[in-house]
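K.L.:
The following block contains the structure, expressed as structure tokens.
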Amino acid sequence: MSNPDPVLAGFRSSIDNIDAALIHILAERFRITKAVGTYKAEKNLPASDPGREERQIARLRHLASEANLDPEFSEKFLRFIIQEVIRHHEQAAGK
């Protein structure tokens, strides 16, 4: 087998590090949203907050544009996360 391309190996190493960071960041986000879900269940608050969700999406679309990331992709990604958070909140509320 030939020697691996050192430039490609360097890129892949950076990607691996970023992927690991993303997983840790998502785990921390879900740890916090789980606490929010527990709190909402205790206070009989609704699992979702559509107004906040739309404000977050607009804010993150703007940040994505500034970072040269496709705002459509960022919105799809955030909506996926929000759906999962709502599912967790509904579970915490026993629904």
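Each chain in the structure tokens gets a letter, A, B, ..., in the order shown, and its residues are numbered from 1; ligands are numbered from 1 in order too.
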Quick one: residues within 12 Å of A:Thr33, only C-alpha atoms, excluding same-chain residues fewer than 5 positions away - as a ChimeraX atom specification?
P.N.:
/A:26-28,38-40,47-48,81-90,92
K.L.:
For atom CA of A:Lys34 and atom CA of A:Glu75, determine how far apart the two atoms are, in Å to one decimal place.
P.N.:
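Atom-to-atom, atom CA of A:Lys34 and atom CA of A:Glu75 are spaced 21.4 Å apart.
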K.L.:
Would you please work out which residue, of A:Ile15, A:Leu22, A:Ala35, A:Leu78, is nearest to A:Glu53 when using only C-alpha atoms?
P.N.:
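Among the listed residues, A:Leu78 lies closest to A:Glu53.
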K.L.:
Mind pulling up the distance from atom CA of A:Leu60 to atom CA of A:Ser74?
P.N.:
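If I compute the distance from atom CA of A:Ser74 to atom CA of A:Leu60, I get 7.1 Å.
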K.L.:
Give the answer as one residue: which of A:Asn3, A:Ile25, A:Gly94, A:Arg79 has the shortest atom-to-atom distance to A:Arg55, using only C-alpha atoms?
P.N.:
A:Arg79
K.L.:
As an exercise, work out the distance from atom CA of A:Ser65 to atom CA of A:Phe77 in Å and give it to one decimal place.
P.N.:
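Calculated distance between atom CA of A:Ser65 and atom CA of A:Phe77 is 14.4 Å.
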